[in-house]
$ cat final15.txt   # compact mmCIF, C-alpha atoms and all ligand atoms
# COMPACT_ATOMS: atom_id res chain seq x y z
CA ASP B 29 0.00 0.00 0.00
CA TRP B 30 1.48 3.34 -1.05
CA ASN B 31 1.79 5.82 1.74
CA PRO B 32 4.04 8.84 2.05
CA GLY B 33 5.36 7.91 5.50
CA ASN B 34 6.73 4.58 4.20
CA VAL B 35 8.35 6.19 1.18
CA ILE B 36 10.02 8.77 3.42
CA ALA B 37 11.38 6.11 5.79
CA GLU B 38 12.64 4.01 2.89
CA GLN B 39 14.30 6.94 1.11
CA VAL B 40 15.94 8.20 4.29
CA GLU B 41 17.58 4.78 4.73
CA ARG B 42 18.73 4.71 1.11
CA ILE B 43 20.13 8.21 1.21
CA ARG B 44 22.08 7.48 4.40
CA ALA B 45 23.51 4.34 2.86
CA GLN B 46 24.53 6.17 -0.30
CA VAL B 47 25.99 9.28 1.26
CA GLY B 48 27.78 7.92 4.33
CA ASP B 49 29.68 10.72 6.10
CA ALA B 50 30.05 12.97 3.07
CA ARG B 51 28.37 16.31 2.54
CA VAL B 52 25.70 17.03 -0.02
CA VAL B 53 24.71 20.06 -2.07
CA CYS B 54 21.29 20.75 -3.62
CA GLY B 55 20.02 23.50 -5.88
CA LEU B 56 16.57 24.82 -4.97
CA SER B 57 14.62 26.25 -7.90
CA GLY B 58 11.55 27.41 -6.02
CA GLY B 59 9.58 24.49 -7.49
CA VAL B 60 8.04 21.46 -5.80
CA ASP B 61 10.50 18.80 -6.92
CA SER B 62 13.73 20.31 -5.69
CA ALA B 63 12.02 21.42 -2.47
CA VAL B 64 10.82 17.90 -1.66
CA ALA B 65 14.06 16.21 -2.74
CA ALA B 66 16.07 18.55 -0.50
CA ALA B 67 13.74 18.03 2.45
CA LEU B 68 14.11 14.24 2.14
CA VAL B 69 17.88 14.49 2.04
CA GLN B 70 17.84 16.87 4.97
CA ARG B 71 15.79 14.35 6.94
CA ALA B 72 18.50 11.80 6.18
CA VAL B 73 21.72 13.77 6.66
CA GLY B 74 20.71 16.95 8.53
CA ASP B 75 23.35 19.66 8.54
CA ARG B 76 25.54 17.87 6.04
CA LEU B 77 23.18 19.15 3.34
CA THR B 78 23.63 22.68 2.02
CA CYS B 79 21.01 24.06 -0.35
CA VAL B 80 21.81 26.73 -2.90
CA PHE B 81 19.12 29.04 -4.20
CA ILE B 82 20.09 31.17 -7.16
CA ASP B 83 17.61 34.03 -7.18
CA HIS B 84 17.65 35.06 -10.83
CA GLY B 85 15.07 37.78 -10.27
CA LEU B 86 12.67 36.07 -12.70
CA LEU B 87 10.36 34.42 -10.18
CA ARG B 88 6.84 35.53 -9.47
CA GLN B 89 5.74 37.77 -6.62
CA ASP B 90 6.72 36.42 -3.17
CA GLU B 91 8.21 33.17 -4.50
CA ALA B 92 11.81 33.92 -3.54
CA GLU B 93 10.76 34.94 -0.03
CA GLN B 94 8.74 31.74 0.30
CA VAL B 95 11.90 29.73 -0.31
CA GLU B 96 14.19 31.90 1.81
CA ARG B 97 11.83 32.34 4.73
CA ASP B 98 8.99 29.77 4.82
CA TYR B 99 10.91 26.79 3.46
CA VAL B 100 13.83 27.40 5.78
CA ALA B 101 11.47 27.85 8.74
CA ALA B 102 9.73 24.57 7.93
CA THR B 103 12.86 22.49 7.34
CA GLY B 104 15.71 24.20 9.18
CA VAL B 105 17.85 23.53 6.13
CA ASN B 106 21.21 25.29 5.55
CA LEU B 107 20.53 27.69 2.71
CA LYS B 108 22.97 29.71 0.68
CA VAL B 109 21.13 32.41 -1.28
CA VAL B 110 22.76 34.01 -4.27
CA ASP B 111 21.08 37.24 -5.30
CA ALA B 112 21.91 37.19 -8.99
CA ALA B 113 19.11 39.36 -10.37
CA ASP B 114 21.48 42.07 -11.60
CA VAL B 115 23.71 39.56 -13.34
CA PHE B 116 20.78 37.91 -15.12
CA LEU B 117 19.22 41.22 -16.14
CA ALA B 118 22.51 42.46 -17.52
CA ALA B 119 22.99 39.25 -19.49
CA LEU B 120 19.44 39.49 -20.84
CA ASP B 121 19.78 43.13 -21.84
CA GLY B 122 18.22 43.64 -25.27
CA VAL B 123 17.54 39.92 -25.80
CA SER B 124 14.10 39.19 -27.20
CA ASP B 125 14.58 35.89 -29.02
CA PRO B 126 13.06 33.11 -26.87
CA GLU B 127 15.80 30.53 -27.39
CA THR B 128 18.52 33.12 -26.79
CA LYS B 129 16.78 34.01 -23.54
CA ARG B 130 16.79 30.33 -22.52
CA LYS B 131 20.44 29.85 -23.44
CA THR B 132 21.49 33.03 -21.67
CA ILE B 133 19.61 32.12 -18.51
CA GLY B 134 20.89 28.53 -18.60
CA ARG B 135 24.47 29.72 -18.97
CA GLU B 136 24.24 32.27 -16.17
CA PHE B 137 22.49 29.77 -13.96
CA ILE B 138 25.26 27.22 -14.34
CA ARG B 139 27.93 29.86 -13.68
CA ALA B 140 26.22 31.08 -10.54
CA PHE B 141 25.52 27.57 -9.31
CA GLU B 142 29.05 26.36 -9.94
CA ARG B 143 30.49 29.31 -8.05
CA ALA B 144 28.17 28.71 -5.08
CA ALA B 145 28.80 24.95 -5.14
CA ALA B 146 32.56 25.58 -5.16
CA GLU B 147 32.14 27.61 -1.96
CA VAL B 148 30.20 24.79 -0.37
CA VAL B 149 32.94 22.38 -1.43
CA ALA B 150 35.60 24.63 0.13
CA GLU B 151 33.64 24.77 3.39
CA GLY B 152 33.39 20.99 3.31
CA ALA B 153 37.14 20.67 2.86
CA GLU B 154 37.65 22.81 5.98
CA SER B 155 35.28 20.66 7.99
CA GLY B 156 37.04 17.48 6.83
CA GLU B 157 33.85 16.09 5.25
CA PRO B 158 34.11 16.31 1.48
CA VAL B 159 31.11 17.34 -0.61
CA ARG B 160 30.63 14.43 -2.96
CA PHE B 161 26.92 14.41 -3.76
CA LEU B 162 24.43 16.55 -5.62
CA VAL B 163 20.68 16.19 -5.10
CA GLN B 164 18.46 16.26 -8.18
CA GLY B 165 14.67 16.31 -8.05
CA THR B 166 14.34 13.95 -11.02
CA LEU B 167 10.87 12.38 -11.19
CA TYR B 168 9.87 9.10 -12.77
CA PRO B 169 8.46 10.75 -15.93
CA ASP B 170 11.83 12.53 -16.37
CA VAL B 171 13.62 9.18 -16.10
CA VAL B 172 11.36 7.64 -18.72
CA GLU B 173 11.67 10.65 -20.99
CA SER B 174 15.46 10.52 -20.89
CA GLY B 175 15.69 6.78 -21.51
CA GLY B 176 16.32 5.56 -17.97
CA GLY B 177 19.76 4.82 -16.59
CA THR B 178 21.47 6.27 -13.55
CA GLY B 179 24.39 8.57 -12.92
CA SER B 180 24.75 11.93 -14.54
CA ALA B 181 24.71 11.15 -18.24
CA ASN B 182 20.96 10.94 -18.70
CA ILE B 183 19.64 14.01 -16.99
CA LYS B 184 17.17 15.77 -19.19
CA SER B 185 18.53 19.05 -20.31
CA HIS B 186 16.12 19.97 -23.07
CA HIS B 187 14.74 22.94 -21.27
CA ASN B 188 15.37 22.48 -17.62
CA VAL B 189 17.37 25.42 -16.40
CA GLY B 190 17.85 23.62 -13.12
CA GLY B 191 19.71 20.92 -15.07
CA LEU B 192 23.01 19.52 -14.00
CA PRO B 193 26.14 21.47 -14.92
CA GLU B 194 28.00 19.01 -17.08
CA ASP B 195 31.46 19.21 -15.60
CA LEU B 196 30.66 19.21 -11.91
CA GLU B 197 32.05 16.06 -10.41
CA PHE B 198 29.32 14.99 -8.09
CA GLU B 199 27.54 11.72 -7.68
CA LEU B 200 23.78 12.18 -7.91
CA VAL B 201 21.25 11.60 -5.17
CA GLU B 202 17.81 11.29 -6.74
CA PRO B 203 15.24 10.36 -4.11
CA LEU B 204 12.22 11.07 -6.35
CA ARG B 205 13.25 8.84 -9.26
CA THR B 206 10.39 6.38 -8.81
CA LEU B 207 7.70 8.94 -8.08
CA PHE B 208 5.01 10.89 -9.88
CA LYS B 209 4.20 14.53 -9.18
CA ASP B 210 1.14 13.88 -7.00
CA GLU B 211 3.16 11.44 -4.90
CA VAL B 212 5.92 14.02 -4.52
CA ARG B 213 3.34 16.53 -3.30
CA ALA B 214 1.99 14.01 -0.77
CA ILE B 215 5.51 13.44 0.55
CA GLY B 216 6.15 17.17 0.75
CA ARG B 217 2.97 17.64 2.81
CA GLU B 218 3.94 14.75 5.08
CA LEU B 219 7.34 16.44 5.58
CA GLY B 220 5.53 19.62 6.63
CA LEU B 221 6.63 21.82 3.74
CA PRO B 222 4.72 25.06 3.12
CA GLU B 223 1.60 24.57 1.01
CA VAL B 224 2.53 27.55 -1.18
CA ILE B 225 5.51 25.52 -2.36
CA VAL B 226 4.05 21.99 -2.33
CA GLY B 227 0.92 23.10 -4.19
CA ARG B 228 2.80 25.24 -6.68
CA GLN B 229 1.86 24.75 -10.32
CA PRO B 230 4.55 24.01 -12.91
CA PHE B 231 6.63 27.08 -13.65
CA PRO B 232 9.38 27.19 -16.26
CA GLY B 233 13.01 27.43 -15.16
CA PRO B 234 13.60 30.62 -17.21
CA GLY B 235 10.70 32.10 -15.28
CA LEU B 236 9.01 35.34 -16.23
CA ALA B 237 11.67 36.04 -18.87
CA ILE B 238 9.82 33.79 -21.32
CA ARG B 239 6.49 35.39 -20.42
CA ILE B 240 7.59 38.82 -21.63
CA VAL B 241 7.29 38.94 -25.39
CA GLY B 242 10.10 41.35 -26.10
CA ALA B 243 13.23 42.22 -24.15
CA VAL B 244 13.30 41.73 -20.39
CA THR B 245 13.66 44.80 -18.21
CA ARG B 246 13.19 45.41 -14.50
CA ASP B 247 10.08 47.53 -15.15
CA ARG B 248 8.50 44.97 -17.42
CA LEU B 249 9.14 42.24 -14.87
CA GLU B 250 7.46 44.34 -12.22
CA THR B 251 4.43 44.97 -14.44
CA LEU B 252 4.09 41.28 -15.23
CA ARG B 253 4.59 40.27 -11.60
CA ARG B 254 1.75 42.49 -10.48
CA ALA B 255 -0.64 41.24 -13.16
CA ASP B 256 0.33 37.62 -12.48
CA ALA B 257 -0.25 38.00 -8.74
CA ILE B 258 -3.78 39.28 -9.41
CA VAL B 259 -4.54 36.35 -11.70
CA ARG B 260 -3.23 33.80 -9.23
CA ALA B 261 -5.15 35.33 -6.34
CA GLU B 262 -8.42 35.38 -8.31
CA LEU B 263 -8.06 31.83 -9.66
CA SER B 264 -7.35 30.52 -6.16
CA ALA B 265 -10.23 32.49 -4.66
CA ALA B 266 -12.50 30.95 -7.29
CA GLY B 267 -11.35 27.48 -6.20
CA LEU B 268 -9.82 26.65 -9.59
CA ASP B 269 -6.29 25.61 -8.57
CA GLU B 270 -7.07 21.93 -9.05
CA GLU B 271 -8.79 22.30 -12.39
CA ILE B 272 -6.11 24.47 -13.94
CA TRP B 273 -2.81 22.86 -14.81
CA GLN B 274 -1.13 26.23 -15.05
CA CYS B 275 -2.02 29.71 -16.19
CA PRO B 276 0.81 31.62 -17.79
CA VAL B 277 0.23 35.36 -17.73
CA VAL B 278 2.07 36.97 -20.62
CA LEU B 279 3.09 40.59 -21.15
CA LEU B 280 3.14 41.68 -24.78
CA ALA B 281 5.85 44.22 -24.16
CA ASP B 282 6.43 44.95 -27.83
CA VAL B 283 2.74 45.60 -28.53
CA ARG B 284 0.84 48.76 -27.62
CA SER B 285 -2.76 49.58 -28.15
CA VAL B 286 -4.94 52.61 -27.64
CA GLY B 287 -7.34 52.76 -24.76
CA VAL B 288 -9.23 55.29 -22.69
CA GLN B 289 -9.23 55.80 -18.97
CA GLY B 290 -10.92 58.64 -17.14
CA ASP B 291 -10.61 61.65 -19.45
CA GLY B 292 -7.47 60.45 -21.10
CA ARG B 293 -6.25 58.31 -23.91
CA THR B 294 -3.88 55.52 -22.94
CA TYR B 295 -1.32 53.71 -25.00
CA GLY B 296 -0.46 50.62 -23.00
CA HIS B 297 0.42 46.97 -23.24
CA PRO B 298 -1.85 43.91 -23.42
CA ILE B 299 -1.72 41.09 -20.90
CA VAL B 300 -2.61 37.62 -22.15
CA LEU B 301 -4.23 35.02 -19.91
CA ARG B 302 -3.33 31.45 -20.85
CA PRO B 303 -5.24 29.11 -18.50
CA VAL B 304 -4.83 25.48 -19.55
CA SER B 305 -6.09 22.11 -18.43
CA SER B 306 -3.73 19.20 -18.98
CA GLU B 307 -2.56 15.85 -17.65
CA ASP B 308 1.12 16.12 -18.52
CA ALA B 309 1.72 19.35 -20.48
CA MET B 310 2.23 17.33 -23.69
CA THR B 311 -1.25 18.29 -24.80
CA ALA B 312 -3.54 20.87 -23.25
CA ASP B 313 -6.92 22.44 -23.67
CA TRP B 314 -7.74 26.03 -22.84
CA THR B 315 -9.73 26.19 -19.64
CA ARG B 316 -13.26 27.58 -19.91
CA LEU B 317 -13.12 30.13 -17.12
CA PRO B 318 -16.40 31.68 -15.94
CA HIS B 319 -17.06 35.03 -17.61
CA ASP B 320 -17.61 36.86 -14.34
CA LEU B 321 -14.22 35.69 -13.13
CA LEU B 322 -12.60 36.88 -16.36
CA ALA B 323 -14.34 40.23 -15.91
CA ARG B 324 -13.03 40.56 -12.36
CA ILE B 325 -9.47 39.73 -13.42
CA SER B 326 -9.65 42.16 -16.32
CA ASN B 327 -11.02 44.99 -14.16
CA ARG B 328 -8.45 44.48 -11.48
CA ILE B 329 -5.47 44.31 -13.83
CA THR B 330 -6.45 47.39 -15.84
CA ASN B 331 -7.22 49.33 -12.65
CA GLU B 332 -4.24 48.23 -10.61
CA VAL B 333 -1.46 47.89 -13.17
CA ALA B 334 -0.99 51.25 -14.85
CA GLU B 335 1.02 50.06 -17.85
CA VAL B 336 -1.68 47.58 -18.92
CA ASN B 337 -4.81 48.76 -20.72
CA ARG B 338 -6.11 45.52 -22.25
CA VAL B 339 -6.55 41.92 -21.08
CA VAL B 340 -6.96 39.18 -23.67
CA LEU B 341 -7.71 35.47 -23.39
CA ASP B 342 -5.80 32.78 -25.28
CA VAL B 343 -8.31 30.19 -26.59
CA THR B 344 -5.82 27.93 -28.39
CA SER B 345 -5.32 24.26 -27.56
CA LYS B 346 -1.94 22.52 -27.52
CA PRO B 347 -1.32 21.53 -30.25
CA PRO B 348 -1.19 23.77 -32.21
CA GLY B 349 -0.30 26.32 -29.53
CA THR B 350 2.28 25.62 -26.86
CA ILE B 351 1.45 26.39 -23.24
CA GLU B 352 4.04 29.15 -23.00
CA TRP B 353 4.15 31.94 -25.55
CA GLU B 354 7.90 31.62 -25.97
P1 LIG Y 1 5.18 24.29 -23.74
O1 LIG Y 1 5.22 25.80 -23.78
O2 LIG Y 1 6.33 23.67 -24.49
O3 LIG Y 1 5.40 23.92 -22.22
O4 LIG Y 1 3.85 23.74 -24.14
C1 LIG Y 1 5.25 22.61 -21.71
C2 LIG Y 1 5.60 22.66 -20.22
O5 LIG Y 1 6.99 22.95 -20.06
C3 LIG Y 1 7.15 24.16 -19.37
N1 LIG Y 1 8.26 24.86 -20.01
C4 LIG Y 1 9.50 24.95 -19.49
N2 LIG Y 1 9.99 24.46 -18.32
N3 LIG Y 1 12.10 25.42 -18.88
C5 LIG Y 1 11.31 24.71 -18.01
O6 LIG Y 1 11.80 24.29 -16.96
C6 LIG Y 1 11.66 25.92 -20.06
O7 LIG Y 1 12.40 26.55 -20.81
C7 LIG Y 1 10.28 25.67 -20.37
N4 LIG Y 1 9.50 26.00 -21.43
C8 LIG Y 1 8.28 25.49 -21.19
C9 LIG Y 1 5.83 24.89 -19.47
O8 LIG Y 1 5.64 25.81 -18.40
C10 LIG Y 1 4.86 23.76 -19.47
O9 LIG Y 1 4.60 23.29 -18.15

$ encode --input "final15.txt" --output "structure tokens" --more "lines below"
Ligand code: XMP
Amino acid sequence: DWNPGNVIAEQVERIRAQVGDARVVCGLSGGVDSAVAAALVQRAVGDRLTCVFIDHGLLRQDEAEQVERDYVAATGVNLKVVDAADVFLAALDGVSDPETKRKTIGREFIRAFERAAAEVVAEGAESGEPVRFLVQGTLYPDVVESGGGTGSANIKSHHNVGGLPEDLEFELVEPLRTLFKDEVRAIGRELGLPEVIVGRQPFPGPGLAIRIVGAVTRDRLETLRRADAIVRAELSAAGLDEEIWQCPVVLLADVRSVGVQGDGRTYGHPIVLRPVSSEDAMTADWTRLPHDLLARISNRITNEVAEVNRVVLDVTSKPPGTIEWE
């Protein structure tokens, strides 16, 4: 009989057997998988785990704080935070091509992670316990997708920014390798992780950068963050978190349209809502949201986010559309 308590006990034993007295490093992305994988390893090895959170400045409102504050409060994990927002923004300056954004973010992510991991390794050398292991939140579907196998050669890299830097010499600890997403969530809840993290919907590694159509700037990120927070709050309040697989909110930064507000003409940007229902993100259908909910979201965004004067709804399935706009 599957139950989260048994899986936790079993994985803790396995992790202890694998790791011995060595130290372990884990990258936290802000997502469910890395959060649960790290919490399992922490259960097993305690202070010998150090987590690294590269804050690339592309997360949604409050998400970085939820990792730095709530996750640490719930787990007591050692966390090294790297505030890399300036570095990522500088690297993304003037970049509007989606694949160039992904490559740039992936490259900067690996650089920042390697530097932080090297510091953890140096601290381990001082303590006399070498850092030999890296935790990855690989799930069973990832294993299948990448053709199975163990070690470091088969980690999916197609678009996972949290992917393994290729030349880091760590042995992998992958406590979620046999599990599906809903099982991982159940384990996270059993471990007492914050619901805002455990219940989090899928969010791409490159973050809000691929939800700004056009170049990424600090102001545009702030505009998108505020619109996105309104959408998330309204969808949750309407009780739709279960029904919706994810709802990208996209800022068409390179498009302007004319509007009117009060006595004045506006010339602002559109926000696109992309609510989808899906089992696995391979295919998706656009979610039929109630019209009064759409009206509320539209009113709030256009009233509360000055740069936005139009809200539009994406009614395309996948295929032919993808879930993200970039
Ligand atoms: P698409 O847009 O291809 O998205 O229909 C399918 C799923 O993958 C997520 N996605 C990404 N995840 N890095 C990620 O970690 C990426 O570059 C990326 N692009 C898309 C998307 O959010 C959806 O869940």

$ residues_near_ligand --input "final15.txt" --ligand "ligand LIG 1 (chain Y)" --cutoff "10 Å" --atoms "all atoms listed in the file" --output "PyMOL selection string"
chain B and resi 57+59+126-127+129-131+133-134+185-191+229-235+237-239+273-276+304+306+308-312+345-354

$ closest_residue --input "final15.txt" --among "B:Ile329, B:Ala118, B:Val201, B:Val80" --to "Ala144 in chain B" --atoms "only C-alpha atoms"
B:Val80

$ closest_residue --input "final15.txt" --among "B:Leu321, B:Val212, B:Ala266, B:Val53" --to "Gln70 in chain B" --atoms "only C-alpha atoms"
B:Val53

$ closest_residue --input "final15.txt" --among "B:Ala50, B:Val149, B:Ile272, B:Leu279" --to "Asp313 in chain B" --atoms "all atoms listed in the file"
B:Ile272

$ atom_distance --input "final15.txt" --atom1 "CA of Leu68 in chain B" --atom2 "CA of Leu86 in chain B"
26.4 Å

$ atom_distance --input "final15.txt" --atom1 "CA of Val343 in chain B" --atom2 "CA of Val300 in chain B"
10.4 Å

$ residues_around --input "final15.txt" --residues "Val226 in chain B" --least-positions-apart "3" --cutoff "10 Å" --atoms "only C-alpha atoms" --output "ChimeraX atom specification"
/B:58-61,63-64,210,212-217,220-223,229

$ atom_distance --input "final15.txt" --atom1 "CA of Ala113 in chain B" --atom2 "CA of Val277 in chain B"
20.7 Å

$ residues_around --input "final15.txt" --residues "Tyr168 in chain B" --least-positions-apart "5" --cutoff "10 Å" --atoms "all atoms listed in the file" --output "list in words"
Glu173, Ser174, Gly176, Leu204, Arg205, Thr206, Leu207, Phe208 and Lys209 of chain B

$ residues_near_point --input "final15.txt" --point "(20.8, 35.6, -9.8)" --cutoff "10 Å" --atoms "all atoms listed in the file" --output "PDB file with C-alpha atoms, in the frame of the given file"
ATOM      1  CA  PHE B  81      19.120  29.040  -4.200  1.00  0.00           C
ATOM      2  CA  ILE B  82      20.090  31.170  -7.160  1.00  0.00           C
ATOM      3  CA  ASP B  83      17.610  34.030  -7.180  1.00  0.00           C
ATOM      4  CA  HIS B  84      17.650  35.060 -10.830  1.00  0.00           C
ATOM      5  CA  GLY B  85      15.070  37.780 -10.270  1.00  0.00           C
ATOM      6  CA  LEU B  86      12.670  36.070 -12.700  1.00  0.00           C
ATOM      7  CA  VAL B 109      21.130  32.410  -1.280  1.00  0.00           C
ATOM      8  CA  VAL B 110      22.760  34.010  -4.270  1.00  0.00           C
ATOM      9  CA  ASP B 111      21.080  37.240  -5.300  1.00  0.00           C
ATOM     10  CA  ALA B 112      21.910  37.190  -8.990  1.00  0.00           C
ATOM     11  CA  ALA B 113      19.110  39.360 -10.370  1.00  0.00           C
ATOM     12  CA  ASP B 114      21.480  42.070 -11.600  1.00  0.00           C
ATOM     13  CA  VAL B 115      23.710  39.560 -13.340  1.00  0.00           C
ATOM     14  CA  PHE B 116      20.780  37.910 -15.120  1.00  0.00           C
ATOM     15  CA  LEU B 117      19.220  41.220 -16.140  1.00  0.00           C
ATOM     16  CA  ILE B 133      19.610  32.120 -18.510  1.00  0.00           C
ATOM     17  CA  GLU B 136      24.240  32.270 -16.170  1.00  0.00           C
ATOM     18  CA  PHE B 137      22.490  29.770 -13.960  1.00  0.00           C
ATOM     19  CA  ARG B 139      27.930  29.860 -13.680  1.00  0.00           C
ATOM     20  CA  ALA B 140      26.220  31.080 -10.540  1.00  0.00           C
ATOM     21  CA  PHE B 141      25.520  27.570  -9.310  1.00  0.00           C
TER      22      PHE B 141
END

$ closest_residue --input "final15.txt" --among "B:Asp98, B:Glu270, B:Glu142, B:Asp342" --to "Arg302 in chain B" --atoms "all atoms listed in the file"
B:Asp342

$ residues_around --input "final15.txt" --residues "range 42-49 of chain B" --least-positions-apart "2" --cutoff "12 Å" --atoms "all atoms listed in the file" --output "PyMOL selection string"
chain B and resi 35-40+51-53+65-77+152+155-163+198-204

$ closest_residue --input "final15.txt" --among "B:Leu268, B:Val105, B:Cys79, B:Val224" --to "Glu93 in chain B" --atoms "all atoms listed in the file"
B:Val224

$ residues_near_point --input "final15.txt" --point "(13.1, 42.8, -23.1)" --cutoff "7 Å" --atoms "only C-alpha atoms" --output "ChimeraX atom specification"
/B:121-124,240,242-245

$ write_last_selection --input "final15.txt" --atoms "C-alpha atoms" --output "mmCIF file, keeping the file's coordinate frame"
data_model
loop_
_atom_site.group_PDB
_atom_site.id
_atom_site.type_symbol
_atom_site.label_atom_id
_atom_site.label_comp_id
_atom_site.auth_asym_id
_atom_site.auth_seq_id
_atom_site.Cartn_x
_atom_site.Cartn_y
_atom_site.Cartn_z
ATOM 1 C CA ASP B 121 19.780 43.130 -21.840
ATOM 2 C CA GLY B 122 18.220 43.640 -25.270
ATOM 3 C CA VAL B 123 17.540 39.920 -25.800
ATOM 4 C CA SER B 124 14.100 39.190 -27.200
ATOM 5 C CA ILE B 240 7.590 38.820 -21.630
ATOM 6 C CA GLY B 242 10.100 41.350 -26.100
ATOM 7 C CA ALA B 243 13.230 42.220 -24.150
ATOM 8 C CA VAL B 244 13.300 41.730 -20.390
ATOM 9 C CA THR B 245 13.660 44.800 -18.210
#

$ residues_around --input "final15.txt" --residues "Arg284 in chain B" --least-positions-apart "3" --cutoff "8 Å" --atoms "all atoms listed in the file" --output "MDAnalysis selection string"
chainID B and resid 280:281 295:298

$ closest_residue --input "final15.txt" --among "B:Arg248, B:Arg88, B:Arg253, B:Arg97" --to "Glu335 in chain B" --atoms "all atoms listed in the file"
B:Arg248
